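Data file: entry13.cif. Format and content: mmCIF, C-alpha atoms.
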```cif
data_work
loop_
_atom_site.label_atom_id
_atom_site.label_comp_id
_atom_site.auth_asym_id
_atom_site.auth_seq_id
_atom_site.Cartn_x
_atom_site.Cartn_y
_atom_site.Cartn_z
CA MET E 1 8.06 -66.07 46.83
CA ASN E 2 6.50 -67.01 43.57
CA LEU E 3 8.29 -65.49 40.54
CA GLY E 4 6.66 -67.74 38.03
CA GLY E 5 3.24 -66.10 38.08
CA SER E 6 1.61 -65.05 34.81
CA ILE E 7 0.82 -61.45 33.66
CA LYS E 8 -2.67 -60.85 32.37
CA ILE E 9 -2.96 -58.44 29.44
CA ASN E 10 -6.05 -56.27 29.16
CA LYS E 11 -6.86 -56.23 25.46
CA CYS E 12 -9.20 -53.25 25.81
CA GLY E 13 -6.49 -51.20 27.50
CA LEU E 14 -3.98 -52.07 24.79
CA SER E 15 -6.44 -50.97 22.10
CA VAL E 16 -6.95 -47.62 23.78
CA LEU E 17 -3.21 -47.11 24.18
CA ALA E 18 -2.55 -48.00 20.53
CA PHE E 19 -5.24 -45.55 19.38
CA VAL E 20 -3.74 -42.73 21.47
CA ILE E 21 -0.27 -43.41 20.02
CA PHE E 22 -1.71 -43.47 16.49
CA ILE E 23 -3.46 -40.10 16.96
CA PHE E 24 -0.26 -38.60 18.43
CA ILE E 25 1.80 -39.71 15.41
CA ILE E 26 -0.77 -38.47 12.87
CA TYR E 27 -1.00 -35.08 14.62
CA HIS E 28 2.74 -34.50 14.49
CA LEU E 29 3.11 -35.76 10.94
CA SER E 30 0.36 -33.43 9.72
CA GLY E 31 2.00 -30.51 11.52
CA SER E 32 5.34 -31.27 9.90
CA SER E 33 3.84 -31.56 6.43
CA LYS E 34 2.43 -28.04 6.74
CA GLY E 35 5.69 -26.57 7.94
CA ASP E 36 4.17 -25.89 11.38
CA GLN E 37 6.30 -25.99 14.46
CA SER E 38 5.76 -28.39 17.30
CA PRO E 39 3.41 -26.96 19.93
CA LEU E 40 6.28 -27.36 22.42
CA VAL E 41 8.32 -24.79 20.47
CA ALA E 42 7.34 -21.08 20.57
CA PRO E 43 6.39 -19.77 17.10
CA THR E 44 8.72 -17.21 15.52
CA ASN E 45 5.80 -15.03 14.28
CA GLU E 46 7.85 -13.77 11.34
CA ILE E 47 6.65 -12.69 7.93
CA SER E 48 8.28 -12.92 4.50
CA LEU E 49 8.71 -9.53 2.84
CA ARG E 50 9.02 -11.17 -0.58
CA LYS E 51 5.65 -12.87 -0.12
CA LEU E 52 4.24 -9.64 1.27
CA LEU E 53 5.37 -7.82 -1.88
CA ILE E 54 3.54 -10.40 -4.02
CA GLY E 55 0.48 -10.10 -1.81
CA ALA E 56 0.55 -6.29 -1.97
CA ILE E 57 0.63 -6.38 -5.78
CA ARG E 58 -2.23 -8.85 -5.88
CA ALA E 59 -4.29 -6.87 -3.37
CA ALA E 60 -3.88 -3.65 -5.39
CA GLU E 61 -4.97 -5.45 -8.56
CA LEU E 62 -7.96 -7.10 -6.88
CA GLY E 63 -9.01 -3.72 -5.51
CA GLY E 64 -8.66 -2.28 -9.00
CA GLU E 65 -10.99 -4.95 -10.36
CA GLU E 66 -13.65 -3.85 -7.87
CA VAL E 67 -13.18 -0.21 -8.88
CA LEU E 68 -13.61 -1.14 -12.54
CA LYS E 69 -16.74 -3.21 -11.83
CA VAL E 70 -18.46 -0.33 -10.08
CA TYR E 71 -17.40 2.13 -12.78
CA ASN E 72 -18.75 -0.10 -15.55
CA SER E 73 -22.01 -0.61 -13.67
CA LYS E 74 -22.64 3.17 -13.78
CA ILE E 75 -24.03 2.91 -10.23
CA LEU E 76 -21.45 4.66 -8.08
CA ASN E 77 -23.72 5.40 -5.10
CA THR E 78 -21.74 8.58 -4.40
CA GLN E 79 -21.97 10.02 -0.91
CA SER E 80 -20.09 12.79 0.88
CA LYS E 81 -17.72 12.51 3.81
CA GLY E 82 -18.02 16.27 4.23
CA LYS E 83 -15.84 19.09 2.97
CA THR E 84 -12.11 19.62 3.10
CA LYS E 85 -10.46 22.60 4.78
CA GLU E 86 -10.50 24.31 1.37
CA GLY E 87 -14.27 23.78 1.07
CA VAL E 88 -14.05 21.01 -1.56
CA ASN E 89 -16.51 18.11 -1.37
CA ASP E 90 -14.87 14.85 -0.23
CA PRO E 91 -16.85 12.05 -1.91
CA VAL E 92 -16.90 8.32 -1.30
CA THR E 93 -18.45 5.67 -3.57
CA ASP E 94 -19.25 1.98 -3.61
CA ALA E 95 -15.97 1.53 -5.49
CA ASP E 96 -14.00 2.86 -2.50
CA PHE E 97 -15.81 0.53 -0.13
CA PHE E 98 -15.78 -2.63 -2.27
CA SER E 99 -12.10 -2.12 -3.08
CA HIS E 100 -11.31 -1.65 0.62
CA CYS E 101 -13.16 -4.83 1.58
CA THR E 102 -11.49 -6.95 -1.08
CA MET E 103 -7.98 -5.62 -0.46
CA THR E 104 -8.13 -6.02 3.31
CA LYS E 105 -9.75 -9.46 3.01
CA ALA E 106 -7.00 -10.60 0.63
CA LEU E 107 -4.20 -9.40 2.90
CA HIS E 108 -5.73 -10.86 6.06
CA HIS E 109 -6.32 -14.16 4.24
CA LEU E 110 -2.77 -14.37 2.91
CA PHE E 111 -1.09 -13.03 6.03
CA PRO E 112 -3.22 -13.68 9.10
CA LYS E 113 -0.31 -12.63 11.33
CA ILE E 114 -0.57 -9.04 10.07
CA LEU E 115 -2.81 -7.24 12.51
CA LYS E 116 -1.91 -3.70 11.48
CA VAL E 117 -3.66 -2.89 8.21
CA VAL E 118 -4.56 0.79 7.86
CA SER E 119 -7.08 1.68 5.16
CA GLU E 120 -8.74 4.95 4.20
CA GLU E 121 -12.13 3.27 4.49
CA GLY E 122 -11.21 1.26 7.58
CA HIS E 123 -13.61 3.26 9.74
CA ALA E 124 -16.56 3.00 7.36
CA LYS E 125 -19.89 2.38 9.07
CA GLU E 126 -20.79 -0.39 6.64
CA LYS E 127 -19.55 -3.90 7.33
CA CYS E 128 -17.77 -5.75 4.57
CA PRO E 129 -19.88 -8.48 2.95
CA GLU E 130 -18.75 -12.09 2.92
CA ILE E 131 -16.16 -12.46 0.17
CA GLU E 132 -15.52 -15.83 -1.43
CA ILE E 133 -11.90 -16.89 -1.10
CA ASN E 134 -10.70 -18.57 -4.28
CA HIS E 135 -7.56 -19.03 -6.36
CA GLN E 136 -7.52 -15.32 -7.20
CA PHE E 137 -6.31 -14.68 -3.66
CA ASP E 138 -3.36 -17.08 -3.96
CA LEU E 139 0.22 -15.84 -3.96
CA ASN E 140 1.52 -15.93 -7.52
CA PRO E 141 5.28 -15.24 -7.68
CA THR E 142 5.16 -14.69 -11.46
CA VAL E 143 3.93 -11.12 -10.85
CA LEU E 144 7.50 -10.25 -9.88
CA GLY E 145 8.94 -11.32 -13.22
CA ASP E 146 12.20 -12.29 -11.51
CA SER E 147 12.71 -15.51 -9.57
CA THR E 148 16.03 -14.32 -8.14
CA ILE E 149 14.53 -11.67 -5.85
CA PRO E 150 15.69 -12.63 -2.34
CA ASP E 151 13.50 -13.42 0.61
CA ILE E 152 13.79 -11.68 3.96
CA SER E 153 11.71 -12.47 7.03
CA ILE E 154 11.13 -10.03 9.86
CA PRO E 155 8.97 -10.02 13.00
CA ALA E 156 5.35 -9.40 12.05
CA ASP E 157 4.90 -6.81 14.80
CA GLN E 158 7.33 -4.52 12.96
CA VAL E 159 5.07 -4.40 9.91
CA SER E 160 2.14 -2.12 9.10
CA VAL E 161 0.32 -2.18 5.77
CA TRP E 162 -1.26 1.00 4.41
CA ILE E 163 -4.07 0.89 1.85
CA ASP E 164 -5.69 3.54 -0.30
CA PRO E 165 -8.49 1.55 -1.97
CA LEU E 166 -9.31 4.35 -4.44
CA ASP E 167 -7.08 7.38 -4.80
CA ALA E 168 -8.69 10.39 -6.58
CA THR E 169 -12.31 9.52 -5.81
CA LYS E 170 -13.53 12.96 -6.88
CA GLU E 171 -11.97 12.49 -10.31
CA PHE E 172 -13.36 8.95 -10.46
CA THR E 173 -16.86 10.41 -10.20
CA GLU E 174 -15.97 12.89 -12.98
CA ASN E 175 -14.72 10.19 -15.40
CA LEU E 176 -11.11 11.43 -15.09
CA THR E 177 -9.87 7.88 -14.74
CA GLU E 178 -6.23 8.58 -15.65
CA TYR E 179 -5.77 9.87 -12.10
CA VAL E 180 -7.35 6.87 -10.37
CA THR E 181 -5.16 4.31 -8.59
CA THR E 182 -5.30 1.69 -5.88
CA MET E 183 -2.29 1.66 -3.57
CA VAL E 184 -0.63 -0.61 -1.03
CA CYS E 185 2.39 0.21 1.10
CA VAL E 186 4.40 -1.86 3.56
CA ALA E 187 6.13 0.04 6.35
CA VAL E 188 8.70 -1.54 8.65
CA ASN E 189 9.00 0.27 11.98
CA GLY E 190 7.33 3.23 10.30
CA LYS E 191 9.64 3.39 7.27
CA PRO E 192 8.01 2.75 3.87
CA VAL E 193 9.92 -0.06 2.14
CA ILE E 194 7.43 -1.60 -0.33
CA GLY E 195 5.07 0.43 -2.51
CA VAL E 196 2.49 -0.55 -5.14
CA ILE E 197 0.54 1.90 -7.32
CA HIS E 198 -1.98 0.33 -9.70
CA ASN E 199 -4.17 2.03 -12.32
CA PRO E 200 -7.02 -0.37 -13.14
CA PHE E 201 -8.44 1.31 -16.25
CA PRO E 202 -7.59 -0.36 -19.59
CA LYS E 203 -6.24 2.79 -21.27
CA ASN E 204 -3.75 3.46 -18.47
CA ARG E 205 -3.47 0.03 -16.84
CA GLU E 206 -0.13 -0.45 -15.17
CA THR E 207 1.13 -1.76 -11.86
CA THR E 208 4.19 0.11 -10.64
CA TRP E 209 5.93 -1.31 -7.60
CA ALA E 210 9.24 -1.29 -5.78
CA TRP E 211 10.92 -2.92 -2.79
CA GLU E 212 13.72 -0.70 -1.55
CA GLY E 213 17.13 -2.27 -2.00
CA HIS E 214 15.85 -5.35 -3.80
CA ALA E 215 13.62 -4.97 -6.87
CA TYR E 216 11.20 -2.84 -8.86
CA SER E 217 8.70 -3.25 -11.68
CA HIS E 218 9.68 -3.37 -15.36
CA ASP E 219 8.28 0.09 -16.16
CA LEU E 220 10.61 1.69 -13.62
CA ALA E 221 13.62 0.16 -15.35
CA SER E 222 12.86 2.18 -18.49
CA ARG E 223 11.92 5.48 -16.86
CA LYS E 224 13.37 8.75 -18.10
CA LYS E 225 16.18 10.30 -16.11
CA GLY E 226 17.67 13.75 -16.02
CA GLU E 227 16.90 17.23 -14.81
CA GLU E 228 14.72 19.99 -16.17
CA SER E 229 16.20 21.99 -19.04
CA LYS E 230 14.00 25.10 -19.39
CA GLY E 231 12.76 25.29 -15.85
CA PRO E 232 11.17 23.17 -13.14
CA VAL E 233 7.77 21.53 -13.67
CA LEU E 234 5.70 21.68 -10.51
CA ILE E 235 2.76 19.33 -10.09
CA VAL E 236 0.06 20.40 -7.63
CA SER E 237 -3.40 19.30 -6.60
CA ARG E 238 -6.27 20.40 -8.82
CA SER E 239 -8.63 20.35 -5.81
CA HIS E 240 -6.40 21.15 -2.84
CA ALA E 241 -3.77 23.50 -4.25
CA GLY E 242 -4.05 26.02 -1.44
CA THR E 243 -1.53 28.83 -1.96
CA ILE E 244 1.11 26.54 -3.45
CA LYS E 245 1.08 28.27 -6.86
CA ASP E 246 2.05 31.59 -5.32
CA VAL E 247 4.66 29.86 -3.19
CA ALA E 248 6.14 28.16 -6.25
CA LYS E 249 6.54 31.35 -8.25
CA ASN E 250 8.20 33.09 -5.32
CA ILE E 251 10.68 30.25 -4.97
CA PHE E 252 11.27 29.10 -8.55
CA GLY E 253 10.51 32.29 -10.47
CA GLU E 254 8.05 33.00 -13.25
CA LYS E 255 9.52 30.28 -15.49
CA VAL E 256 8.15 27.51 -13.31
CA GLU E 257 5.56 25.43 -15.15
CA ILE E 258 2.64 24.52 -12.91
CA VAL E 259 0.62 21.42 -13.74
CA LYS E 260 -2.61 20.62 -11.93
CA ALA E 261 -3.38 16.98 -11.37
CA ALA E 262 -5.25 14.69 -9.01
CA GLY E 263 -4.32 11.73 -6.88
CA ALA E 264 -1.14 11.55 -4.85
CA GLY E 265 -0.23 8.27 -6.55
CA TYR E 266 -0.53 9.82 -9.99
CA LYS E 267 1.55 12.85 -8.95
CA VAL E 268 4.36 10.71 -7.56
CA LEU E 269 4.48 8.76 -10.82
CA LYS E 270 4.93 12.10 -12.63
CA VAL E 271 7.85 12.85 -10.31
CA ILE E 272 9.39 9.48 -11.14
CA PHE E 273 8.81 9.36 -14.88
CA ASP E 274 8.89 13.06 -15.82
CA ASN E 275 11.18 14.46 -13.12
CA ALA E 276 8.44 16.82 -11.92
CA ILE E 277 8.41 18.35 -8.45
CA TYR E 278 5.41 17.49 -6.30
CA MET E 279 4.51 20.05 -3.65
CA HIS E 280 1.55 20.21 -1.30
CA ASN E 281 0.99 22.65 1.57
CA THR E 282 -2.39 21.61 2.95
CA VAL E 283 -3.45 18.64 5.06
CA ILE E 284 -3.10 15.22 3.42
CA LYS E 285 -3.61 11.67 4.70
CA LYS E 286 -0.71 9.26 5.04
CA TRP E 287 -2.39 6.45 3.09
CA ASP E 288 -2.26 8.81 0.10
CA LEU E 289 1.51 9.07 0.40
CA CYS E 290 2.99 5.84 1.74
CA ALA E 291 3.16 3.78 -1.49
CA GLY E 292 4.66 6.63 -3.53
CA ASN E 293 7.09 7.38 -0.71
CA ALA E 294 8.33 3.78 -0.75
CA ILE E 295 8.83 3.77 -4.53
CA LEU E 296 10.70 7.08 -4.43
CA ASN E 297 12.96 5.73 -1.69
CA ALA E 298 13.72 2.65 -3.77
CA LEU E 299 14.76 4.79 -6.76
CA GLY E 300 16.89 7.29 -4.87
CA GLY E 301 14.25 10.01 -4.78
CA LYS E 302 12.91 11.69 -1.68
CA MET E 303 9.66 12.65 -0.02
CA THR E 304 9.80 14.91 3.04
CA ASP E 305 7.98 17.74 4.70
CA PHE E 306 9.02 21.34 3.98
CA LYS E 307 11.74 21.13 6.63
CA GLY E 308 13.31 18.05 5.08
CA ASN E 309 11.97 15.61 7.69
CA GLU E 310 11.07 12.15 6.46
CA LEU E 311 7.53 10.92 6.97
CA LEU E 312 6.79 8.09 9.40
CA TYR E 313 3.98 5.58 8.91
CA LEU E 314 3.17 4.19 12.33
CA ASP E 315 -0.17 2.67 13.22
CA ASP E 316 -0.58 5.05 16.14
CA GLY E 317 -3.84 6.71 15.15
CA ASN E 318 -2.09 9.73 13.63
CA TYR E 319 -2.97 9.41 9.96
CA VAL E 320 -2.77 13.09 9.02
CA HIS E 321 0.26 14.85 7.55
CA SER E 322 0.12 18.63 7.89
CA THR E 323 3.68 20.02 7.68
CA GLY E 324 3.97 20.38 3.90
CA LEU E 325 5.04 17.86 1.29
CA LEU E 326 7.94 17.87 -1.15
CA ALA E 327 8.67 14.93 -3.47
CA THR E 328 11.54 14.97 -5.97
CA MET E 329 13.94 12.76 -7.87
CA SER E 330 16.79 15.29 -7.71
CA LYS E 331 17.95 18.53 -6.04
CA HIS E 332 15.80 17.83 -3.01
CA GLU E 333 17.99 19.63 -0.47
CA THR E 334 18.14 22.71 -2.71
CA TYR E 335 14.35 22.95 -2.76
CA VAL E 336 14.08 22.30 0.99
CA GLU E 337 16.39 25.24 1.60
CA LYS E 338 14.10 27.46 -0.47
CA LEU E 339 11.02 26.24 1.40
CA LYS E 340 12.29 26.72 4.94
CA ASP E 341 10.45 30.01 5.49
CA VAL E 342 7.23 29.08 3.69
CA LYS E 343 4.08 29.30 5.79
CA LEU E 344 1.68 26.40 5.55
CA ALA E 345 -1.89 26.92 4.39
#
```

Can you dump the structure from the file as structure tokens?
Amino acid sequence: MNLGGSIKINKCGLSVLAFVIFIFIIYHLSGSSKGDQSPLVAPTNEISLRKLLIGAIRAAELGGEEVLKVYNSKILNTQSKGKTKEGVNDPVTDADFFSHCTMTKALHHLFPKILKVVSEEGHAKEKCPEIEINHQFDLNPTVLGDSTIPDISIPADQVSVWIDPLDATKEFTENLTEYVTTMVCVAVNGKPVIGVIHNPFPKNRETTWAWEGHAYSHDLASRKKGEESKGPVLIVSRSHAGTIKDVAKNIFGEKVEIVKAAGAGYKVLKVIFDNAIYMHNTVIKKWDLCAGNAILNALGGKMTDFKGNELLYLDDGNYVHSTGLLATMSKHETYVEKLKDVKLA
């Protein structure tokens, strides 16, 4: 037996082995630097609600910029989706479409794990153009104005994001820009928890937002509180009022003040800031309501149907709400009791 033999080393084989080890180390170091998990560990697939709040605010503002661009261009390219049940024309413009494309692109870029984004113009025949991704799409925590807002992560499959890229399109085409908003809402298991309502026009520019149980925008901190003194102020749709005016007088009496307005976002802000009552008894889409619903919830207000049932925002293809709408900051149950026998339009 010869134990003193020599071992020959293949230099080419050693070089290959060293290169493989080097690539393995670089791969894992780069993954760690990005906060990625090892491929041997299953990803958690969670999403930060704090970051999603920042992204929702930014998306609403970016959509608003598109609305303003189209408005200033004077080329709206107005078309019709058809007529509502009440026989009112339902228009759509380039502003609706461009805002939709930008808002959805921003959210998908910032949160690629979110697969459930529901937008009013999500079924448009046109395809969104290529949109350049730049620093404007970055998450900027300064929009919150408070660095102490906590962070909570939840499974991404519990989240759906609802977008109204241009609320009050009809009024937009009529230069009634005070009613126009862009809206984003985050629902968790169907419950609206984050809402953003943004008016992009300089005279009325404001971004109102809230995250239930955690934070809300500066304008909400200074809102008026209290109940009506002379009588209730009822805010209704100027285009889709249905028979709500007659219903209101039967319930609240002749002293009720009825104000016509447009845009569900605008009307909810009137509920919040002026303690108005928002009622609607014809069909309405859920993307019109979700953001305002979330903000009301965060402030202790309520939005329900006429029976007092809360609205659910599930990405199940059912985007229509048809059982009446009541939004208030106070005395909600009292009004629900008065509405229990009201027939819907």

Spatial neighbours of Lys191 of chain E, max dist 8 Å, all atoms listed in the file, sep filter under 6 positions, as a PyMOL selection string: chain E and resi 311-313

Contacts of segment 153-159 of chain E at 12 Å (only C-alpha atoms; same-chain gap of 3+ positions) as a PyMOL selection string: chain E and resi 43-53+111-118+150+162+185-194+313-315

Those same residues, written as an mmCIF file, in the coordinates of the input with C-alpha atoms?
```
data_model
loop_
_atom_site.group_PDB
_atom_site.id
_atom_site.type_symbol
_atom_site.label_atom_id
_atom_site.label_comp_id
_atom_site.auth_asym_id
_atom_site.auth_seq_id
_atom_site.Cartn_x
_atom_site.Cartn_y
_atom_site.Cartn_z
ATOM 1 C CA PRO E 43 6.390 -19.770 17.100
ATOM 2 C CA THR E 44 8.720 -17.210 15.520
ATOM 3 C CA ASN E 45 5.800 -15.030 14.280
ATOM 4 C CA GLU E 46 7.850 -13.770 11.340
ATOM 5 C CA ILE E 47 6.650 -12.690 7.930
ATOM 6 C CA SER E 48 8.280 -12.920 4.500
ATOM 7 C CA LEU E 49 8.710 -9.530 2.840
ATOM 8 C CA ARG E 50 9.020 -11.170 -0.580
ATOM 9 C CA LYS E 51 5.650 -12.870 -0.120
ATOM 10 C CA LEU E 52 4.240 -9.640 1.270
ATOM 11 C CA LEU E 53 5.370 -7.820 -1.880
ATOM 12 C CA PHE E 111 -1.090 -13.030 6.030
ATOM 13 C CA PRO E 112 -3.220 -13.680 9.100
ATOM 14 C CA LYS E 113 -0.310 -12.630 11.330
ATOM 15 C CA ILE E 114 -0.570 -9.040 10.070
ATOM 16 C CA LEU E 115 -2.810 -7.240 12.510
ATOM 17 C CA LYS E 116 -1.910 -3.700 11.480
ATOM 18 C CA VAL E 117 -3.660 -2.890 8.210
ATOM 19 C CA VAL E 118 -4.560 0.790 7.860
ATOM 20 C CA PRO E 150 15.690 -12.630 -2.340
ATOM 21 C CA TRP E 162 -1.260 1.000 4.410
ATOM 22 C CA CYS E 185 2.390 0.210 1.100
ATOM 23 C CA VAL E 186 4.400 -1.860 3.560
ATOM 24 C CA ALA E 187 6.130 0.040 6.350
ATOM 25 C CA VAL E 188 8.700 -1.540 8.650
ATOM 26 C CA ASN E 189 9.000 0.270 11.980
ATOM 27 C CA GLY E 190 7.330 3.230 10.300
ATOM 28 C CA LYS E 191 9.640 3.390 7.270
ATOM 29 C CA PRO E 192 8.010 2.750 3.870
ATOM 30 C CA VAL E 193 9.920 -0.060 2.140
ATOM 31 C CA ILE E 194 7.430 -1.600 -0.330
ATOM 32 C CA TYR E 313 3.980 5.580 8.910
ATOM 33 C CA LEU E 314 3.170 4.190 12.330
ATOM 34 C CA ASP E 315 -0.170 2.670 13.220
#
```

Pick from E:Val336, E:Leu166, E:Ile54, E:Val236 nearest to Ser217 of chain E, counting only C-alpha atoms: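 Smallest separation from Ser217 of chain E among the options: E:Ile54.
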
Evaluate the PyMOL selection byres ((chain E and resi 325) around 7) and report residues as a VMD selection string: chain E and resid 279 to 281 304 to 306 323 to 324 326 to 327

Explicit residues for the PyMOL selection byres ((chain E and resi 242-251) around 12) (as number ranges by chain): E: 84-88, 231-241, 252-260, 277-284, 306, 324-326, 334-345

Selected residue of minimal separation from Lys285 of chain E among E:Lys307, E:Lys270, E:His123, E:His321, counting only C-alpha atoms: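 Nearest candidate to Lys285 of chain E out of E:Lys307, E:Lys270, E:His123, E:His321: E:His321.
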
Residue contacts of Met103 of chain E (8 Å, all atoms listed in the file) excluding same-chain residues fewer than 2 positions away, as a list in words: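 Neighbouring residues, sequence-local ones excluded: Ala59, Ala60, Leu62, Gly63, Ser99, His100, Cys101, Lys105, Ala106, Leu107, Ile163 and Pro165 of chain E.
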
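Distance annotation: of E:Val143, E:Ala264, E:Ala210, E:Val184, the residue with the minimal separation from Ser160 of chain E is E:Val184; atom set is only C-alpha atoms.
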
Nearest candidate to Lys69 of chain E (options E:Pro200, E:Pro91, E:Pro129, E:Gly55; using all atoms listed in the file):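 Between E:Pro200, E:Pro91, E:Pro129, E:Gly55, the residue approaching Lys69 of chain E most closely is E:Pro200.
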
Å distance separating atom CA of Val268 of chain E from atom CA of Asn175 of chain E, one decimal place: 20.6 Å
